[in-house]
Each structure stands twice: as structure tokens, then as C-alpha cells.
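The structure under discussion appears below in the form of C-alpha cells.
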Amino acid sequence: MKIVFVTSNKGKVLEASEIFAPLGHTVEQFLDNGEAPEFSEPQSDGIEEVTISKMEQALMMLEGDPDEETAIIVEDAGLFIDSLGGFPGPYSSYVEGKLGLDGILKIMEGDGNRSAEFRAVVAFHHLGHTNIFRGVCRGTIAHEKRGRGGFGYDPIFVPSSSDGRTSAEMSTVEKSSISHRGEALNKLIQFLAPPSM
Ligand code: ITT
């Protein structure tokens with residue numbers, strides 16, 4: 001199957017490609033005239049609503065269903081920091097652009113509770129149906145940026161099951177084995193090919 005990932009984020013495409021490759025599925029980024037299309041994001045507190053809205057916009061742009069060998073994925077993710085009441089959450093993209101990782105570290109200076117979680121909601125559209133898959137990765141916010149891998153907030157996020165490294169200090173395969181996106185996409189894989197009893 002060819003999976004078309006509607007996203008502006010090449011890091012997401014790379015992670016999904018590595019997850020689906022062993023199953024023989026290819027993942028490619030959706031481009032319109034060589035550019036990732038921009039979608040309006042509803043003013044909403046929920047990443048689920050944003051995901052569903054992005055899928056509706058993507059289907060309108062594609063003008064109908066693709067052939068049976070092709071599926072469409074959109075995903076919305078966010079970083080929810082406990083001591084900030086879940087901020088930046090659905091505003092993670094905006095906050096990364098405006099405050100950056102240094103801004104988040106500054107806001108959290110002296111904050112003893114560094115617990116946080118990443119959440120991902122993936123919408124998968126195939127043969128006229130859309131299904132939703134969710135993933136969560138608990139962790140903590142590091143005291144400084146570490147690592148060059150991954151993207152976004154990875155240099156300041158230490159997953160709970162990590163040995164202390166940030167996600168940016170892990171290989172893509174290792175990050176995906178514990179990440180919010182990895183969990184959501186693995187649920188999708190189970191949906192596509194449930195294990196035989
Ligand atoms: P699209 O919406 O076009 O898919 P995006 O990068 O804006 O791309 P999101 O809205 O889902 O993606 O992401 C919200 C923010 O969270 C954004 O700043 C991302 O860089 C960040 N983010 C998402 N997943 C992440 C991950 O696995 N590791 C680190 N940061 C992540």
C-alpha cells in the first residue's frame with residue numbers, strides 16, 4: 001500500500017516510513033506543486049478536532065478518494081506539560097515557533113515538577129473510511145537541550161522509559177519504539193493486519 005502523509009513535517013514522514021517499511025508499505029509526503037499545503041487549524045483545545053479537520057481539508061484538496069492501493073494519513077501532536085496545566089498542548093507548533101525550546105526551558109526554570117507527555121492523534125483514510133488512532137508518551141522536560149536527532153521538542157524531552165537520553169539522542173527506530181507517534185502508528189498496523197489467533 002502507498003500511504004500519503006499530509007504534513008509539512010518531514011521528520012514525521014521519516015518516522016512513519018521506518019515504521020511501515022518492514023510491512024512493505026511506502027510512505028510519502030503529500031505535495032501540491034512541490035509544496036506541502038497549508039491547512040487552517042480550528043481554534044480548538046483538542047488535537048483530535050484538529051486532526052479530523054485536517055483530514056477533511058486534505059480529502060477536499062484531493063477531490064475524492066484515491067485508488068484502493070493508496071491511503072491517506074494526517075496527524076496532530078502536542079506536548080502537554082503537567083506543571084503548566086497542559087501548555088503548550090494544541091498550541092505546541094505555535095509556541096515552538098514563538099518561544100522556541102529555550103523559551104520553554106526558561107518558563108520552567110526552577111520548576112521541580114518536570115513531568116510532561118506527548119500525545120498524537122493519527123487519522124487514516126482508506127476506501128472511503130477514516131479511522132482514528134491515539135498514542136501517548138510520558139516523560140520529563142530536561143534541564144537543557146541535548147541531541148541532534150528527531151525534530152521539534154525532542155532535544156528537551158526525556159521519555160519515561162529512556163535511560164536518561166532525550167528523544168533527540170536516540171535513533172529514529174529507538175524513538176519510535178516508545179514515542180506517541182510510534183504507539184498510534186503501531187495501533188494502525190494492528191488494525192491493518194491483526195495478529196492471527
Ligand atoms: P503538521 O501539522 O504539518 O503535520 P507540525 O510539525 O506542525 O506538522 P504538529 O502540529 O503535529 O506538527 O506538532 C505540534 C508541535 O509539536 C510542533 O512544534 C512539532 O515540532 C512538535 N512535535 C510533534 N511531534 C513531535 C515529536 O515526535 N517530537 C518532538 N516534537 C514534536
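Following the order of the C-alpha cells, first chain is A, next is B, and so on, with residues numbered from 1 inside each chain and ligands from 1 in the order they appear.
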
**Message:** As a quick test: using only C-alpha atoms and all ligand atoms, which residues lie no more than 9 Å away from ligand 1? Give them as a PyMOL selection string.
**Reply:** chain A and resi 5-12+15+36-39+41+47+50-51+54+74-79+88-97+100+118-121+150-157+167-168+175-176+179-182

**Request:** Name the residues of chain A that fall into strand (DSSP E) according to DSSP on the backbone, using the chain letters and numbers of this document, as a VMD selection string.
**Result:** chain A and resid 2 to 5 26 to 29 70 to 81 115 to 126 129 to 141 157 to 159

**Request:** Determine the nearest neighbour of Ile189 of chain A from the options A:Met1, A:Asp163, A:Phe20, A:Arg114, counting only C-alpha atoms.
**Result:**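 For Ile189 of chain A, the nearest of the given residues is A:Phe20.
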
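With atom CA of Ala71 of chain A on one side and atom CA of Ser44 of chain A on the other, the separation reads 26.2 Å.
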
**Prompt:** Contacts of Thr130 of chain A at 12 Å or less, counting only C-alpha atoms, minus same-chain residues fewer than 4 places along, as JSON, numbers by chain?
**Reply:** {"A": [51, 52, 53, 55, 56, 59, 65, 71, 72, 73, 74, 122, 123, 124, 125, 126, 188]}

Hey, can you spit out that residue selection with N, CA and C atoms as an mmCIF file, in the first residue's frame?
```cif
data_model
loop_
_atom_site.group_PDB
_atom_site.id
_atom_site.type_symbol
_atom_site.label_atom_id
_atom_site.label_comp_id
_atom_site.auth_asym_id
_atom_site.auth_seq_id
_atom_site.Cartn_x
_atom_site.Cartn_y
_atom_site.Cartn_z
ATOM 1 N N THR A 51 -6.988 17.132 14.017
ATOM 2 C CA THR A 51 -6.679 16.024 13.099
ATOM 3 C C THR A 51 -7.840 15.783 12.140
ATOM 4 N N ILE A 52 -9.056 15.738 12.687
ATOM 5 C CA ILE A 52 -10.223 15.456 11.847
ATOM 6 C C ILE A 52 -10.427 16.580 10.826
ATOM 7 N N SER A 53 -10.232 17.821 11.284
ATOM 8 C CA SER A 53 -10.390 18.957 10.369
ATOM 9 C C SER A 53 -9.339 18.901 9.249
ATOM 10 N N MET A 55 -7.922 16.244 8.046
ATOM 11 C CA MET A 55 -8.276 15.165 7.116
ATOM 12 C C MET A 55 -9.383 15.631 6.171
ATOM 13 N N GLU A 56 -10.384 16.341 6.698
ATOM 14 C CA GLU A 56 -11.475 16.824 5.839
ATOM 15 C C GLU A 56 -10.918 17.761 4.767
ATOM 16 N N LEU A 59 -8.964 15.729 2.127
ATOM 17 C CA LEU A 59 -9.832 14.993 1.197
ATOM 18 C C LEU A 59 -10.462 15.938 0.175
ATOM 19 N N ASP A 65 -11.798 10.129 -3.325
ATOM 20 C CA ASP A 65 -10.990 9.065 -2.745
ATOM 21 C C ASP A 65 -9.899 8.612 -3.702
ATOM 22 N N ALA A 71 -3.601 5.073 0.661
ATOM 23 C CA ALA A 71 -4.280 5.540 1.882
ATOM 24 C C ALA A 71 -3.726 6.922 2.233
ATOM 25 N N ILE A 72 -4.483 7.654 3.034
ATOM 26 C CA ILE A 72 -4.047 8.998 3.445
ATOM 27 C C ILE A 72 -3.943 9.027 4.966
ATOM 28 N N ILE A 73 -2.877 9.670 5.439
ATOM 29 C CA ILE A 73 -2.703 9.847 6.884
ATOM 30 C C ILE A 73 -2.534 11.330 7.183
ATOM 31 N N VAL A 74 -3.184 11.803 8.226
ATOM 32 C CA VAL A 74 -2.820 13.089 8.827
ATOM 33 C C VAL A 74 -2.627 12.844 10.314
ATOM 34 N N VAL A 122 -3.684 10.169 15.088
ATOM 35 C CA VAL A 122 -3.483 9.871 13.668
ATOM 36 C C VAL A 122 -4.838 9.558 13.049
ATOM 37 N N ALA A 123 -5.136 10.172 11.905
ATOM 38 C CA ALA A 123 -6.328 9.791 11.141
ATOM 39 C C ALA A 123 -5.859 9.067 9.892
ATOM 40 N N PHE A 124 -6.475 7.919 9.632
ATOM 41 C CA PHE A 124 -6.099 7.061 8.497
ATOM 42 C C PHE A 124 -7.330 6.913 7.615
ATOM 43 N N HIS A 125 -7.201 7.284 6.348
ATOM 44 C CA HIS A 125 -8.348 7.221 5.427
ATOM 45 C C HIS A 125 -8.048 6.240 4.302
ATOM 46 N N HIS A 126 -8.917 5.244 4.160
ATOM 47 C CA HIS A 126 -8.726 4.247 3.098
ATOM 48 C C HIS A 126 -10.086 3.711 2.689
ATOM 49 N N LEU A 188 -2.394 1.396 14.325
ATOM 50 C CA LEU A 188 -2.875 1.356 12.944
ATOM 51 C C LEU A 188 -2.412 0.061 12.258
#
```

**Request:** Can you check which residues of segment 22-61 of chain A DSSP gives as alpha helix (DSSP H) on the backbone and send them as an NGL selection string?
**Result:** :A and (47-61)

Serialized selection, all heavy atoms, as a short mmCIF file (atom, residue, chain, number, x, y, z; two decimals), in the first residue's frame:
```cif
data_model
loop_
_atom_site.label_atom_id
_atom_site.label_comp_id
_atom_site.auth_asym_id
_atom_site.auth_seq_id
_atom_site.Cartn_x
_atom_site.Cartn_y
_atom_site.Cartn_z
N ILE A 47 -6.42 18.13 20.09
CA ILE A 47 -5.66 17.76 18.90
C ILE A 47 -6.49 16.81 18.03
O ILE A 47 -6.24 16.69 16.85
CB ILE A 47 -4.27 17.16 19.24
CG1 ILE A 47 -4.37 15.95 20.16
CG2 ILE A 47 -3.36 18.20 19.86
CD1 ILE A 47 -3.02 15.26 20.39
N GLU A 48 -7.48 16.16 18.62
CA GLU A 48 -8.33 15.26 17.84
C GLU A 48 -9.16 16.06 16.81
O GLU A 48 -9.25 15.68 15.64
CB GLU A 48 -9.24 14.49 18.79
CG GLU A 48 -10.00 13.42 18.08
CD GLU A 48 -10.28 12.21 18.97
OE1 GLU A 48 -9.54 11.98 19.95
OE2 GLU A 48 -11.24 11.52 18.67
N GLU A 49 -9.74 17.18 17.29
CA GLU A 49 -10.54 18.01 16.38
C GLU A 49 -9.67 18.54 15.24
O GLU A 49 -10.09 18.61 14.09
CB GLU A 49 -11.15 19.21 17.13
CG GLU A 49 -12.30 18.88 18.04
CD GLU A 49 -11.85 18.52 19.46
OE1 GLU A 49 -10.72 17.96 19.60
OE2 GLU A 49 -12.60 18.76 20.41
N VAL A 50 -8.43 18.91 15.60
CA VAL A 50 -7.52 19.44 14.58
C VAL A 50 -7.22 18.36 13.54
O VAL A 50 -7.24 18.61 12.33
CB VAL A 50 -6.21 19.95 15.23
CG1 VAL A 50 -5.19 20.35 14.16
CG2 VAL A 50 -6.50 21.14 16.16
N THR A 51 -6.99 17.13 14.02
CA THR A 51 -6.68 16.02 13.10
C THR A 51 -7.84 15.78 12.14
O THR A 51 -7.64 15.64 10.92
CB THR A 51 -6.41 14.72 13.90
OG1 THR A 51 -5.46 15.00 14.90
CG2 THR A 51 -5.90 13.61 13.01
N ILE A 52 -9.06 15.74 12.69
CA ILE A 52 -10.22 15.46 11.85
C ILE A 52 -10.43 16.58 10.83
O ILE A 52 -10.68 16.34 9.65
CB ILE A 52 -11.48 15.24 12.73
CG1 ILE A 52 -11.31 13.92 13.49
CG2 ILE A 52 -12.76 15.23 11.91
CD1 ILE A 52 -12.27 13.72 14.65
N SER A 53 -10.23 17.82 11.28
CA SER A 53 -10.39 18.96 10.37
C SER A 53 -9.34 18.90 9.25
O SER A 53 -9.65 19.15 8.08
CB SER A 53 -10.27 20.26 11.16
OG SER A 53 -10.04 21.34 10.29
N LYS A 54 -8.10 18.54 9.61
CA LYS A 54 -7.04 18.46 8.58
C LYS A 54 -7.37 17.37 7.56
O LYS A 54 -7.13 17.53 6.37
CB LYS A 54 -5.70 18.13 9.24
CG LYS A 54 -4.92 19.33 9.74
CD LYS A 54 -3.47 18.91 9.96
CE LYS A 54 -2.83 19.61 11.12
NZ LYS A 54 -1.55 19.03 11.54
N MET A 55 -7.92 16.24 8.05
CA MET A 55 -8.28 15.16 7.12
C MET A 55 -9.38 15.63 6.17
O MET A 55 -9.34 15.38 4.97
CB MET A 55 -8.70 13.91 7.89
CG MET A 55 -9.13 12.75 6.99
SD MET A 55 -7.82 12.21 5.84
CE MET A 55 -6.94 11.03 6.86
N GLU A 56 -10.38 16.34 6.70
CA GLU A 56 -11.47 16.82 5.84
C GLU A 56 -10.92 17.76 4.77
O GLU A 56 -11.29 17.68 3.60
CB GLU A 56 -12.53 17.55 6.68
CG GLU A 56 -13.39 16.59 7.49
CD GLU A 56 -14.24 17.26 8.57
OE1 GLU A 56 -14.15 18.50 8.75
OE2 GLU A 56 -14.98 16.53 9.24
N GLN A 57 -10.01 18.64 5.18
CA GLN A 57 -9.41 19.58 4.22
C GLN A 57 -8.56 18.84 3.17
O GLN A 57 -8.58 19.17 2.00
CB GLN A 57 -8.56 20.61 4.95
CG GLN A 57 -9.37 21.55 5.83
CD GLN A 57 -8.48 22.49 6.63
OE1 GLN A 57 -7.78 23.32 6.06
NE2 GLN A 57 -8.49 22.37 7.94
N ALA A 58 -7.83 17.80 3.63
CA ALA A 58 -6.98 17.05 2.70
C ALA A 58 -7.84 16.32 1.68
O ALA A 58 -7.53 16.32 0.47
CB ALA A 58 -6.12 16.05 3.48
N LEU A 59 -8.96 15.73 2.13
CA LEU A 59 -9.83 14.99 1.20
C LEU A 59 -10.46 15.94 0.17
O LEU A 59 -10.62 15.60 -0.98
CB LEU A 59 -10.92 14.23 1.97
CG LEU A 59 -10.41 13.04 2.80
CD1 LEU A 59 -11.53 12.45 3.63
CD2 LEU A 59 -9.79 11.97 1.91
N MET A 60 -10.78 17.16 0.63
CA MET A 60 -11.35 18.15 -0.31
C MET A 60 -10.30 18.52 -1.35
O MET A 60 -10.58 18.62 -2.54
CB MET A 60 -11.81 19.38 0.45
CG MET A 60 -13.27 19.28 0.80
SD MET A 60 -13.98 20.85 1.17
CE MET A 60 -13.40 21.14 2.80
N MET A 61 -9.06 18.68 -0.89
CA MET A 61 -7.98 19.05 -1.80
C MET A 61 -7.71 17.94 -2.81
O MET A 61 -7.44 18.18 -3.97
CB MET A 61 -6.72 19.33 -0.97
CG MET A 61 -5.58 19.84 -1.78
SD MET A 61 -4.25 20.35 -0.69
CE MET A 61 -4.85 21.90 -0.14
#
```

**Prompt:** So which residues touch segment 158-161 of chain A within 6 Å, counting only C-alpha atoms, skipping near sequence neighbours fewer than 5 positions away, as a PyMOL selection string?
**Reply:** chain A and resi 138-140+166

**Request:** Figure out the distance between atom CA of Ile104 of chain A and atom CA of Phe87 of chain A, please, to one decimal in Å.
**Result:** 9.9 Å

**Asked** Distance atom CA of Arg134 of chain A-atom CA of Lys187 of chain A, one decimal place?
**Response**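 Between atom CA of Arg134 of chain A and atom CA of Lys187 of chain A the gap works out to 7.9 Å.
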
**Message:** I'd like the contact shell of Val27 of chain A - 6 Å cut-off, only C-alpha atoms, skipping same-chain residues fewer than 3 positions apart - returned as number ranges by chain.
**Reply:** A: 3-4, 17
